[in-house]
$ cat target-v9.csv   # CSV, C-alpha atoms
chain,number,residue,atom,x,y,z
A,19,MET,CA,-45.6,7.6,-3.6
A,20,VAL,CA,-45.0,11.0,-2.2
A,21,LYS,CA,-48.7,11.3,-1.1
A,22,ALA,CA,-48.6,7.9,0.6
A,23,VAL,CA,-45.5,8.8,2.6
A,24,ALA,CA,-47.0,12.2,3.5
A,25,ARG,CA,-50.0,10.4,5.2
A,26,GLU,CA,-47.7,8.4,7.5
A,27,PRO,CA,-47.3,9.8,11.0
A,28,VAL,CA,-44.0,11.5,10.0
A,29,PRO,CA,-43.0,13.3,13.3
A,30,ALA,CA,-43.4,10.1,15.4
A,31,ARG,CA,-41.4,8.1,12.8
A,32,ARG,CA,-38.7,10.8,12.8
A,33,ALA,CA,-38.5,10.6,16.6
A,34,ASP,CA,-38.2,6.8,16.4
A,35,ALA,CA,-35.5,7.1,13.8
A,36,GLU,CA,-33.6,9.6,15.9
A,37,ARG,CA,-33.9,7.3,19.0
A,38,ASP,CA,-32.7,4.3,16.9
A,39,ILE,CA,-29.7,6.2,15.5
A,40,ALA,CA,-28.7,7.4,19.0
A,41,ALA,CA,-29.0,3.9,20.4
A,42,ILE,CA,-26.9,2.5,17.4
A,43,LEU,CA,-24.2,5.2,17.9
A,44,GLU,CA,-24.0,4.5,21.6
A,45,ALA,CA,-23.8,0.8,21.2
A,46,GLY,CA,-21.3,1.2,18.4
A,47,THR,CA,-19.1,3.4,20.5
A,48,ARG,CA,-19.3,0.9,23.4
A,49,LEU,CA,-18.6,-2.2,21.4
A,50,LEU,CA,-15.9,-0.7,19.1
A,51,SER,CA,-14.1,0.7,22.1
A,52,ALA,CA,-13.8,-2.8,23.4
A,53,ASP,CA,-13.1,-4.5,20.0
A,54,PRO,CA,-12.3,-2.6,16.8
A,55,ALA,CA,-13.5,-5.7,14.8
A,56,ALA,CA,-17.0,-5.6,16.4
A,57,GLY,CA,-19.6,-6.5,13.7
A,58,VAL,CA,-22.8,-4.8,12.6
A,59,ALA,CA,-25.1,-7.6,13.8
A,60,GLU,CA,-23.6,-7.4,17.2
A,61,ILE,CA,-24.0,-3.6,17.4
A,62,ALA,CA,-27.6,-3.9,16.3
A,63,ARG,CA,-28.3,-6.4,19.1
A,64,GLU,CA,-26.6,-4.3,21.7
A,65,ALA,CA,-28.6,-1.2,20.4
A,66,GLY,CA,-31.8,-3.2,20.7
A,67,VAL,CA,-32.7,-2.6,17.0
A,68,GLY,CA,-33.2,-5.1,14.1
A,69,SER,CA,-30.6,-5.5,11.4
A,70,VAL,CA,-33.1,-4.0,8.9
A,71,THR,CA,-33.4,-0.9,10.9
A,72,LEU,CA,-29.7,-0.6,11.3
A,73,TYR,CA,-29.0,-1.1,7.6
A,74,ALA,CA,-31.7,1.5,6.8
A,75,HIS,CA,-29.6,4.1,8.6
A,76,PHE,CA,-26.2,2.7,7.9
A,77,PRO,CA,-26.1,0.7,4.7
A,78,THR,CA,-22.5,-0.4,5.2
A,79,ARG,CA,-20.2,-1.2,8.1
A,80,GLU,CA,-18.0,1.6,6.8
A,81,SER,CA,-20.8,4.2,7.1
A,82,LEU,CA,-21.5,3.0,10.7
A,83,VAL,CA,-17.8,3.2,11.7
A,84,ASP,CA,-17.7,6.7,10.1
A,85,ALA,CA,-20.7,7.8,12.2
A,86,VAL,CA,-19.3,6.3,15.4
A,87,LEU,CA,-16.0,8.1,14.8
A,88,ASP,CA,-17.8,11.4,14.3
A,89,HIS,CA,-19.9,10.8,17.4
A,90,THR,CA,-16.8,10.0,19.5
A,91,VAL,CA,-14.8,12.9,18.2
A,92,GLY,CA,-17.7,15.2,19.1
A,93,LEU,CA,-17.9,13.8,22.6
A,94,ALA,CA,-14.1,14.0,23.0
A,95,ASP,CA,-14.0,17.5,21.7
A,96,ALA,CA,-16.6,18.6,24.3
A,97,VAL,CA,-14.7,17.3,27.3
A,98,ILE,CA,-11.2,18.6,26.3
A,99,GLU,CA,-10.7,21.6,28.5
A,100,ASP,CA,-9.6,24.6,26.5
A,101,ASP,CA,-9.6,27.4,29.1
A,102,SER,CA,-5.8,27.5,29.0
A,103,ILE,CA,-5.5,27.4,25.2
A,104,ASP,CA,-5.6,31.1,24.9
A,105,SER,CA,-4.1,32.2,28.2
A,106,ASP,CA,-1.3,29.9,29.4
A,107,PRO,CA,2.3,30.2,28.0
A,108,PRO,CA,2.1,28.4,24.7
A,109,SER,CA,4.4,25.5,25.6
A,110,GLU,CA,2.5,24.8,28.8
A,111,ALA,CA,-0.8,25.1,27.0
A,112,MET,CA,0.5,22.6,24.3
A,113,GLU,CA,1.5,20.2,27.1
A,114,GLY,CA,-2.0,20.5,28.7
A,115,LEU,CA,-3.7,20.1,25.3
A,116,LEU,CA,-1.6,17.0,24.5
A,117,ARG,CA,-2.4,15.4,27.9
A,118,SER,CA,-6.1,16.0,27.8
A,119,SER,CA,-6.3,15.0,24.1
A,120,TRP,CA,-4.4,11.8,24.9
A,121,GLU,CA,-6.6,11.0,27.8
A,122,VAL,CA,-9.8,10.9,25.6
A,123,LEU,CA,-8.0,9.3,22.6
A,124,ASP,CA,-6.6,6.6,24.8
A,125,ARG,CA,-10.0,5.7,26.1
A,126,HIS,CA,-11.4,5.5,22.5
A,127,ARG,CA,-8.3,4.3,20.7
A,128,ARG,CA,-9.9,1.1,19.5
A,129,ILE,CA,-12.6,3.2,17.7
A,130,PHE,CA,-9.8,5.0,16.0
A,131,LEU,CA,-8.2,1.6,15.1
A,132,ALA,CA,-11.6,0.5,13.7
A,133,ALA,CA,-11.8,3.7,11.7
A,134,ASP,CA,-8.2,3.3,10.5
A,135,ARG,CA,-9.0,-0.2,9.2
A,136,THR,CA,-12.1,1.0,7.4
A,137,LEU,CA,-11.7,4.7,6.4
A,138,PRO,CA,-9.0,6.6,4.4
A,139,THR,CA,-6.7,8.7,6.7
A,140,GLU,CA,-8.0,11.8,4.8
A,141,ARG,CA,-11.5,11.0,6.0
A,142,ILE,CA,-10.4,10.4,9.6
A,143,ARG,CA,-8.6,13.7,9.5
A,144,GLU,CA,-11.8,15.5,8.2
A,145,HIS,CA,-13.6,14.2,11.3
A,146,HIS,CA,-11.0,15.9,13.5
A,147,GLU,CA,-11.3,19.3,11.9
A,148,ARG,CA,-12.9,20.9,15.0
A,149,PRO,CA,-10.3,19.7,17.5
A,150,LEU,CA,-7.5,20.5,15.0
A,151,ARG,CA,-8.7,24.1,14.7
A,152,ARG,CA,-7.9,24.4,18.4
A,153,VAL,CA,-4.4,23.0,17.8
A,154,GLU,CA,-3.9,25.4,15.0
A,155,ARG,CA,-5.0,28.4,17.1
A,156,LEU,CA,-2.6,27.5,19.8
A,157,ILE,CA,0.4,26.9,17.5
A,158,ALA,CA,-0.4,30.3,15.7
A,159,ARG,CA,-0.4,32.1,19.1
A,160,GLY,CA,2.9,30.4,20.0
A,161,ARG,CA,4.4,31.5,16.7
A,162,ARG,CA,3.3,35.1,17.3
A,163,ALA,CA,4.8,35.0,20.8
A,164,GLY,CA,8.1,33.7,19.4
A,165,ASP,CA,7.8,30.5,21.4
A,166,PHE,CA,7.1,28.2,18.4
A,167,ARG,CA,9.0,28.0,15.1
A,168,THR,CA,7.9,29.9,12.0
A,169,ASP,CA,10.2,28.2,9.5
A,170,LEU,CA,7.7,25.4,8.8
A,171,PRO,CA,4.1,26.0,7.4
A,172,LEU,CA,1.5,26.3,10.2
A,173,GLN,CA,-0.7,23.7,8.5
A,174,TRP,CA,2.2,21.2,8.4
A,175,LEU,CA,2.7,21.6,12.1
A,176,VAL,CA,-1.0,20.9,12.7
A,177,THR,CA,-0.7,17.8,10.4
A,178,ALA,CA,2.4,16.7,12.4
A,179,PHE,CA,0.4,17.0,15.6
A,180,PHE,CA,-2.4,14.8,14.1
A,181,ALA,CA,0.1,12.2,12.8
A,182,ILE,CA,2.2,12.0,16.0
A,183,VAL,CA,-0.9,11.7,18.3
A,184,HIS,CA,-2.4,9.0,16.2
A,185,SER,CA,0.8,7.1,15.8
A,186,ALA,CA,1.0,7.1,19.6
A,187,ALA,CA,-2.4,5.5,19.7
A,188,GLN,CA,-1.3,2.8,17.3
A,189,GLU,CA,2.0,2.2,19.1
A,190,ARG,CA,0.1,2.0,22.4
A,191,GLU,CA,-2.3,-0.6,21.0
A,192,ALA,CA,0.5,-2.6,19.4
A,193,GLY,CA,2.3,-2.7,22.8
A,194,ARG,CA,5.3,-0.8,21.4
A,195,LEU,CA,4.7,2.1,23.8
A,196,SER,CA,3.7,1.4,27.4
A,197,PRO,CA,0.6,3.2,28.8
A,198,GLY,CA,2.8,5.0,31.3
A,199,GLU,CA,5.3,6.5,28.8
A,200,VAL,CA,2.9,7.7,26.1
A,201,GLU,CA,2.1,11.2,27.6
A,202,LYS,CA,5.8,12.0,28.2
A,203,VAL,CA,6.8,10.8,24.7
A,204,LEU,CA,4.0,12.9,23.1
A,205,VAL,CA,4.9,16.1,25.0
A,206,THR,CA,8.6,15.7,24.3
A,207,THR,CA,8.1,14.9,20.6
A,208,MET,CA,5.7,17.8,20.0
A,209,LEU,CA,7.6,20.4,21.9
A,210,SER,CA,10.8,19.4,20.0
A,211,LEU,CA,8.9,19.8,16.8
A,212,LEU,CA,7.6,23.2,17.7
A,213,ARG,CA,10.7,24.7,19.3
A,214,PRO,CA,12.4,27.4,17.1
A,215,PRO,CA,15.5,26.0,15.5
A,216,PRO,CA,18.8,26.6,17.4
A,217,GLN,CA,20.2,29.3,15.1
A,218,LYS,CA,17.2,31.5,15.7
A,219,ARG,CA,17.3,31.3,19.5
A,220,GLY,CA,18.2,34.1,21.9
B,13,MET,CA,-8.7,-35.3,-7.7
B,14,VAL,CA,-5.1,-35.2,-6.6
B,15,LYS,CA,-4.1,-37.7,-9.3
B,16,ALA,CA,-6.0,-35.8,-12.0
B,17,VAL,CA,-4.2,-32.6,-11.1
B,18,ALA,CA,-0.8,-34.4,-11.0
B,19,ARG,CA,-1.3,-35.3,-14.7
B,20,GLU,CA,-1.6,-31.7,-15.7
B,21,PRO,CA,1.6,-30.0,-17.1
B,22,VAL,CA,2.3,-28.5,-13.7
B,23,PRO,CA,5.6,-26.7,-14.4
B,24,ALA,CA,4.2,-25.0,-17.5
B,25,ARG,CA,1.1,-23.9,-15.6
B,26,ARG,CA,3.2,-22.6,-12.8
B,27,ALA,CA,5.3,-20.5,-15.3
B,28,ASP,CA,2.0,-19.2,-16.7
B,29,ALA,CA,0.8,-18.2,-13.3
B,30,GLU,CA,4.0,-16.5,-12.5
B,31,ARG,CA,3.9,-14.5,-15.7
B,32,ASP,CA,0.3,-13.6,-15.1
B,33,ILE,CA,1.0,-12.4,-11.5
B,34,ALA,CA,4.0,-10.3,-12.8
B,35,ALA,CA,1.8,-8.7,-15.5
B,36,ILE,CA,-1.0,-8.0,-12.9
B,37,LEU,CA,1.5,-6.4,-10.4
B,38,GLU,CA,3.1,-4.3,-13.2
B,39,ALA,CA,-0.3,-3.2,-14.5
B,40,GLY,CA,-1.5,-2.5,-11.0
B,41,THR,CA,1.5,-0.4,-10.2
B,42,ARG,CA,1.1,1.6,-13.4
B,43,LEU,CA,-2.6,2.2,-13.0
B,44,LEU,CA,-2.7,2.8,-9.3
B,45,SER,CA,0.2,5.3,-9.6
B,46,ALA,CA,-2.0,7.3,-12.0
B,47,ASP,CA,-5.3,6.8,-10.1
B,48,PRO,CA,-5.6,5.4,-6.6
B,49,ALA,CA,-9.2,4.4,-7.3
B,50,ALA,CA,-8.3,2.2,-10.4
B,51,GLY,CA,-10.5,-0.8,-10.5
B,52,VAL,CA,-9.7,-4.5,-10.7
B,53,ALA,CA,-11.3,-5.0,-14.1
B,54,GLU,CA,-9.3,-2.1,-15.5
B,55,ILE,CA,-6.1,-3.7,-14.1
B,56,ALA,CA,-6.9,-7.1,-15.6
B,57,ARG,CA,-7.4,-5.5,-19.0
B,58,GLU,CA,-4.1,-3.6,-18.7
B,59,ALA,CA,-2.3,-6.8,-17.7
B,60,GLY,CA,-3.8,-8.7,-20.6
B,61,VAL,CA,-5.4,-11.3,-18.4
B,62,GLY,CA,-9.0,-12.3,-17.8
B,63,SER,CA,-11.0,-11.3,-14.7
B,64,VAL,CA,-11.2,-15.0,-13.7
B,65,THR,CA,-7.4,-15.3,-13.8
B,66,LEU,CA,-7.0,-12.1,-11.8
B,67,TYR,CA,-9.5,-13.2,-9.2
B,68,ALA,CA,-7.8,-16.6,-9.0
B,69,HIS,CA,-4.6,-14.9,-7.8
B,70,PHE,CA,-6.2,-11.9,-6.0
B,71,PRO,CA,-9.7,-12.7,-4.7
B,72,THR,CA,-10.3,-9.2,-3.5
B,73,ARG,CA,-9.3,-5.7,-4.5
B,74,GLU,CA,-7.7,-5.4,-1.1
B,75,SER,CA,-5.4,-8.4,-1.7
B,76,LEU,CA,-4.4,-6.9,-5.0
B,77,VAL,CA,-3.7,-3.5,-3.5
B,78,ASP,CA,-1.7,-5.2,-0.8
B,79,ALA,CA,0.4,-7.1,-3.3
B,80,VAL,CA,1.0,-4.0,-5.4
B,81,LEU,CA,2.1,-2.0,-2.3
B,82,ASP,CA,4.5,-4.9,-1.4
B,83,HIS,CA,5.8,-4.9,-5.0
B,84,THR,CA,6.3,-1.1,-5.0
B,85,VAL,CA,8.0,-1.0,-1.6
B,86,GLY,CA,10.4,-3.7,-2.9
B,87,LEU,CA,11.2,-1.7,-6.0
B,88,ALA,CA,11.6,1.4,-4.0
B,89,ASP,CA,13.8,-0.2,-1.4
B,90,ALA,CA,16.1,-1.5,-4.2
B,91,VAL,CA,16.8,1.9,-5.6
B,92,ILE,CA,17.3,3.9,-2.4
B,93,GLU,CA,21.0,4.4,-2.2
B,94,ASP,CA,22.3,3.4,1.1
B,95,ASP,CA,26.1,3.6,0.7
B,96,SER,CA,26.1,6.7,3.0
B,97,ILE,CA,23.8,5.2,5.7
B,98,ASP,CA,26.7,3.7,7.6
B,99,SER,CA,29.5,6.2,6.7
B,100,ASP,CA,28.3,9.9,6.4
B,101,PRO,CA,27.8,12.0,9.5
B,102,PRO,CA,24.4,10.9,10.8
B,103,SER,CA,22.5,14.2,10.1
B,104,GLU,CA,23.8,14.3,6.5
B,105,ALA,CA,23.0,10.6,6.1
B,106,MET,CA,19.5,11.3,7.4
B,107,GLU,CA,19.0,14.1,5.0
B,108,GLY,CA,20.2,11.9,2.1
B,109,LEU,CA,17.9,9.1,3.1
B,110,LEU,CA,14.9,11.4,3.4
B,111,ARG,CA,15.6,12.9,0.0
B,112,SER,CA,16.0,9.6,-1.8
B,113,SER,CA,13.0,8.0,0.1
B,114,TRP,CA,10.9,11.0,-0.8
B,115,GLU,CA,11.8,10.8,-4.4
B,116,VAL,CA,10.5,7.2,-4.8
B,117,LEU,CA,7.6,7.8,-2.5
B,118,ASP,CA,6.5,10.9,-4.4
B,119,ARG,CA,6.5,8.9,-7.7
B,120,HIS,CA,4.4,6.2,-6.1
B,121,ARG,CA,2.4,8.3,-3.7
B,122,ARG,CA,-1.0,7.4,-5.3
B,123,ILE,CA,-0.3,3.7,-4.6
B,124,PHE,CA,0.3,4.7,-1.0
B,125,LEU,CA,-3.1,6.5,-1.1
B,126,ALA,CA,-4.8,3.5,-2.6
B,127,ALA,CA,-3.3,1.4,0.2
B,128,ASP,CA,-4.3,3.9,2.8
B,129,ARG,CA,-7.9,3.7,1.6
B,130,THR,CA,-7.9,-0.1,1.6
B,131,LEU,CA,-5.5,-1.4,4.2
B,132,PRO,CA,-5.0,-0.7,7.9
B,133,THR,CA,-2.1,1.6,8.7
B,134,GLU,CA,-0.5,-1.3,10.7
B,135,ARG,CA,-0.5,-3.4,7.6
B,136,ILE,CA,1.0,-0.6,5.5
B,137,ARG,CA,3.7,-0.3,8.1
B,138,GLU,CA,4.4,-4.1,8.0
B,139,HIS,CA,5.2,-3.7,4.3
B,140,HIS,CA,7.8,-1.1,5.1
B,141,GLU,CA,9.7,-3.2,7.6
B,142,ARG,CA,12.8,-3.5,5.4
B,143,PRO,CA,13.2,0.2,4.6
B,144,LEU,CA,12.4,1.0,8.2
B,145,ARG,CA,15.2,-1.2,9.4
B,146,ARG,CA,17.6,1.0,7.5
B,147,VAL,CA,16.1,4.1,9.2
B,148,GLU,CA,16.5,2.3,12.6
B,149,ARG,CA,20.1,1.5,11.9
B,150,LEU,CA,20.9,5.1,11.0
B,151,ILE,CA,19.1,6.5,14.0
B,152,ALA,CA,20.8,4.0,16.3
B,153,ARG,CA,24.2,5.0,14.9
B,154,GLY,CA,23.4,8.7,15.4
B,155,ARG,CA,22.4,8.1,19.0
B,156,ARG,CA,25.7,6.2,19.6
B,157,ALA,CA,27.6,9.1,18.0
B,158,GLY,CA,25.8,11.7,20.3
B,159,ASP,CA,24.2,13.4,17.2
B,160,PHE,CA,20.7,12.2,17.8
B,161,ARG,CA,18.6,12.2,21.0
B,162,THR,CA,18.5,9.3,23.4
B,163,ASP,CA,15.6,10.5,25.6
B,164,LEU,CA,12.9,9.0,23.4
B,165,PRO,CA,12.6,5.3,22.5
B,166,LEU,CA,14.4,4.2,19.3
B,167,GLN,CA,11.3,2.5,18.0
B,168,TRP,CA,9.2,5.6,18.5
B,169,LEU,CA,11.7,7.7,16.5
B,170,VAL,CA,11.4,5.1,13.6
B,171,THR,CA,7.6,5.4,13.9
B,172,ALA,CA,7.7,9.2,13.8
B,173,PHE,CA,9.8,8.9,10.6
B,174,PHE,CA,7.2,6.7,9.0
B,175,ALA,CA,4.3,8.9,10.2
B,176,ILE,CA,6.0,12.2,9.0
B,177,VAL,CA,7.0,10.9,5.6
B,178,HIS,CA,3.6,9.4,4.9
B,179,SER,CA,1.8,12.5,6.1
B,180,ALA,CA,3.9,14.5,3.7
B,181,ALA,CA,2.7,12.3,0.8
B,182,GLN,CA,-0.9,12.9,1.8
B,183,GLU,CA,-0.4,16.7,2.2
B,184,ARG,CA,1.4,16.8,-1.2
B,185,GLU,CA,-1.5,14.9,-2.8
B,186,ALA,CA,-4.1,17.1,-1.0
B,187,GLY,CA,-2.3,20.2,-2.3
B,188,ARG,CA,-1.4,21.4,1.2
B,189,LEU,CA,2.3,21.1,0.6
B,190,SER,CA,3.7,22.2,-2.7
B,191,PRO,CA,6.0,19.8,-4.6
B,192,GLY,CA,8.9,22.2,-4.2
B,193,GLU,CA,8.7,22.5,-0.4
B,194,VAL,CA,8.2,18.9,0.6
B,195,GLU,CA,11.9,17.8,0.8
B,196,LYS,CA,12.9,20.8,2.9
B,197,VAL,CA,10.0,20.4,5.2
B,198,LEU,CA,10.7,16.7,5.7
B,199,VAL,CA,14.4,17.3,6.4
B,200,THR,CA,13.7,20.2,8.8
B,201,THR,CA,11.0,18.3,10.6
B,202,MET,CA,13.0,15.0,11.1
B,203,LEU,CA,16.2,16.7,12.1
B,204,SER,CA,14.3,18.8,14.7
B,205,LEU,CA,12.8,15.6,16.0
B,206,LEU,CA,16.2,13.8,16.2
B,207,ARG,CA,18.3,16.6,17.6
B,208,PRO,CA,19.2,16.1,21.3
B,209,PRO,CA,17.2,18.4,23.6
B,210,PRO,CA,18.8,21.8,24.4
B,211,GLN,CA,19.7,21.0,28.0
B,212,LYS,CA,21.8,18.1,26.9
B,213,ARG,CA,23.8,20.0,24.3
B,214,GLY,CA,27.3,21.3,24.4
$ encode --input "target-v9.csv" --output "structure tokens"
Amino acid sequence: MVKAVAREPVPARRADAERDIAAILEAGTRLLSADPAAGVAEIAREAGVGSVTLYAHFPTRESLVDAVLDHTVGLADAVIEDDSIDSDPPSEAMEGLLRSSWEVLDRHRRIFLAADRTLPTERIREHHERPLRRVERLIARGRRAGDFRTDLPLQWLVTAFFAIVHSAAQEREAGRLSPGEVEKVLVTTMLSLLRPPPQKRG
Amino acid sequence: MVKAVAREPVPARRADAERDIAAILEAGTRLLSADPAAGVAEIAREAGVGSVTLYAHFPTRESLVDAVLDHTVGLADAVIEDDSIDSDPPSEAMEGLLRSSWEVLDRHRRIFLAADRTLPTERIREHHERPLRRVERLIARGRRAGDFRTDLPLQWLVTAFFAIVHSAAQEREAGRLSPGEVEKVLVTTMLSLLRPPPQKRG
């Protein structure tokens, strides 16, 4: 078996596979952004690949949603501007980070909903490790500067950021938060959470 | 067909079915509390019913987890003391509510994890409608009394409560919060979130 496989034109097949996977992830991102319930067959059609090919790469809908989420978080992470993360006053930098994070999350919120329906929250959080490291860096800097609280664990504040932002995406989709109020609600909520407690202030 | 069924001893069968369902829910609660990955066959064995019987009532593992979550939230809701919800000063009542909610959630946190892996967050939230109405009532009273903030929507503060408490359960299970620190972290976090913003104080 190994010999037979070795005689196949492997590099060309690998290039095909990469092209198919890229097409599937792009189609998946597009369709799940419009409808979190989009099906595997529909995504294969949109990608221009056969079901057999799609299932060869993604044996379950869960694995496809997982890969689409990873793809989207990667794209989102690349466009979030982070020049100000290490320079602006911490509260302003947090406000900027929330606004730019929300902008990309809002655009892809249905992918997050698809992921939420399919994957455990712990897995969704794992996919966000890179963007959350940026959040952690900013909160740590704000704590050193005395602008953010130090009476709660750093990791817990990062978790609260993740929980709050993703709750906002769900509330927005459920119509319990209007598109216009989300950013202000997010900024107010997170800054209240990060502010040092009254007894420790000036 | 209808006639044939009508000749069966329907009331006895209904009593059997109710007893089976009760046994399945109890077994499911017990096993999923120990291991969120507990399987359907294992739960049937523990309940003393056959797989066919279990599948007749719960055709999928998802429907069984859904029913176990509903059962557990109902039990939990019944034991949460709420005498103080309408009488204690709002911040103290919130602290008491967080502590008693956490106590029951901590005991059943693996059922919540099983639910999180199986059901959409929006569905898990639906199951918590009754306990969350109590949270809403308390926050509304605190807002009227001037103890809690009014610059964020009431529903959003209820959502934040749900997100924060459930994040704590996940962090606890993942070992990122130690059992001893969860209650203090929850109380500090929620009271920071509910406190009126500085410019509006005094």
$ closest_residue --input "target-v9.csv" --among "B:Pro102, B:Arg145, B:Leu87, B:Thr162" --to "Leu117 (chain B)" --atoms "only C-alpha atoms"
B:Leu87
$ interface_residues --input "target-v9.csv" --of "chain A" --to "chain B" --cutoff "7 Å" --atoms "all atoms listed in the file" --output "MDAnalysis selection string"
chainID A and resid 134:135 137:139 170 178 181:182 185 203 207 210:211
$ residues_around --input "target-v9.csv" --residues "region 75-91 of chain A" --least-positions-apart "5" --cutoff "7 Å" --atoms "all atoms listed in the file" --output "ChimeraX atom specification"
/A:43,46-47,58,129,133,136,145-146
$ residues_around --input "target-v9.csv" --residues "Ala39 (chain B)" --least-positions-apart "3" --cutoff "7 Å" --atoms "all atoms listed in the file" --output "list in words"
Ala35, Ile36, Arg42, Leu43, Ile55, Glu58 and Ala59 of chain B
$ atom_distance --input "target-v9.csv" --atom1 "CA of Arg146 (chain B)" --atom2 "CA of Phe124 (chain B)"
19.6 Å
$ axis_aligned_box --input "target-v9.csv" --around "region 76-91 of chain B" --padding-each-side "5 Å" --output "lines of an AutoDock Vina configuration file"
center_x = 6.2
center_y = -2.6
center_z = -3.4
size_x = 31.2
size_y = 19.0
size_z = 15.2
$ closest_residue --input "target-v9.csv" --among "B:Ile136, B:Arg111, B:Arg121, B:Pro143" --to "Val194 (chain B)" --atoms "all atoms listed in the file"
B:Arg111
$ closest_residue --input "target-v9.csv" --among "A:Ala52, A:Gly68, A:Val97, A:Ala111" --to "Gly160 (chain A)" --atoms "all atoms listed in the file"
A:Ala111
$ residues_near_point --input "target-v9.csv" --point "(20.9, 6.3, 14.2)" --cutoff "10 Å" --atoms "only C-alpha atoms" --output "PyMOL selection string"
chain B and resi 97-98+102-103+105-106+146-162+166+169-170+206
$ decode --input "target-v9.csv" --residues "region 50-55 of chain B" --atoms "all heavy atoms" --output "mmCIF file, in the first residue's frame"
data_model
loop_
_atom_site.group_PDB
_atom_site.id
_atom_site.type_symbol
_atom_site.label_atom_id
_atom_site.label_comp_id
_atom_site.auth_asym_id
_atom_site.auth_seq_id
_atom_site.Cartn_x
_atom_site.Cartn_y
_atom_site.Cartn_z
ATOM 1 N N ALA B 50 -20.570 10.831 30.085
ATOM 2 C CA ALA B 50 -21.313 9.581 30.319
ATOM 3 C C ALA B 50 -22.235 9.261 29.139
ATOM 4 O O ALA B 50 -22.888 10.157 28.589
ATOM 5 C CB ALA B 50 -22.132 9.696 31.609
ATOM 6 N N GLY B 51 -22.282 7.980 28.762
ATOM 7 C CA GLY B 51 -23.026 7.584 27.569
ATOM 8 C C GLY B 51 -24.436 7.132 27.872
ATOM 9 O O GLY B 51 -24.790 6.851 29.026
ATOM 10 N N VAL B 52 -25.226 7.060 26.823
ATOM 11 C CA VAL B 52 -26.642 6.707 26.938
ATOM 12 C C VAL B 52 -26.812 5.280 27.464
ATOM 13 O O VAL B 52 -27.656 5.025 28.335
ATOM 14 C CB VAL B 52 -27.330 6.865 25.557
ATOM 15 C CG1 VAL B 52 -28.716 6.267 25.575
ATOM 16 C CG2 VAL B 52 -27.385 8.345 25.171
ATOM 17 N N ALA B 53 -25.996 4.331 26.978
ATOM 18 C CA ALA B 53 -26.128 2.923 27.393
ATOM 19 C C ALA B 53 -25.868 2.785 28.896
ATOM 20 O O ALA B 53 -26.586 2.086 29.612
ATOM 21 C CB ALA B 53 -25.155 2.059 26.604
ATOM 22 N N GLU B 54 -24.833 3.510 29.338
ATOM 23 C CA GLU B 54 -24.451 3.510 30.743
ATOM 24 C C GLU B 54 -25.602 4.058 31.606
ATOM 25 O O GLU B 54 -25.904 3.532 32.688
ATOM 26 C CB GLU B 54 -23.242 4.449 30.840
ATOM 27 C CG GLU B 54 -22.253 4.216 31.933
ATOM 28 C CD GLU B 54 -21.163 5.307 31.852
ATOM 29 O OE1 GLU B 54 -20.918 5.840 30.735
ATOM 30 O OE2 GLU B 54 -20.601 5.643 32.901
ATOM 31 N N ILE B 55 -26.237 5.112 31.121
ATOM 32 C CA ILE B 55 -27.331 5.735 31.878
ATOM 33 C C ILE B 55 -28.534 4.790 31.932
ATOM 34 O O ILE B 55 -29.174 4.643 32.977
ATOM 35 C CB ILE B 55 -27.695 7.117 31.273
ATOM 36 C CG1 ILE B 55 -26.523 8.098 31.500
ATOM 37 C CG2 ILE B 55 -28.982 7.670 31.877
ATOM 38 C CD1 ILE B 55 -26.644 9.430 30.773
#
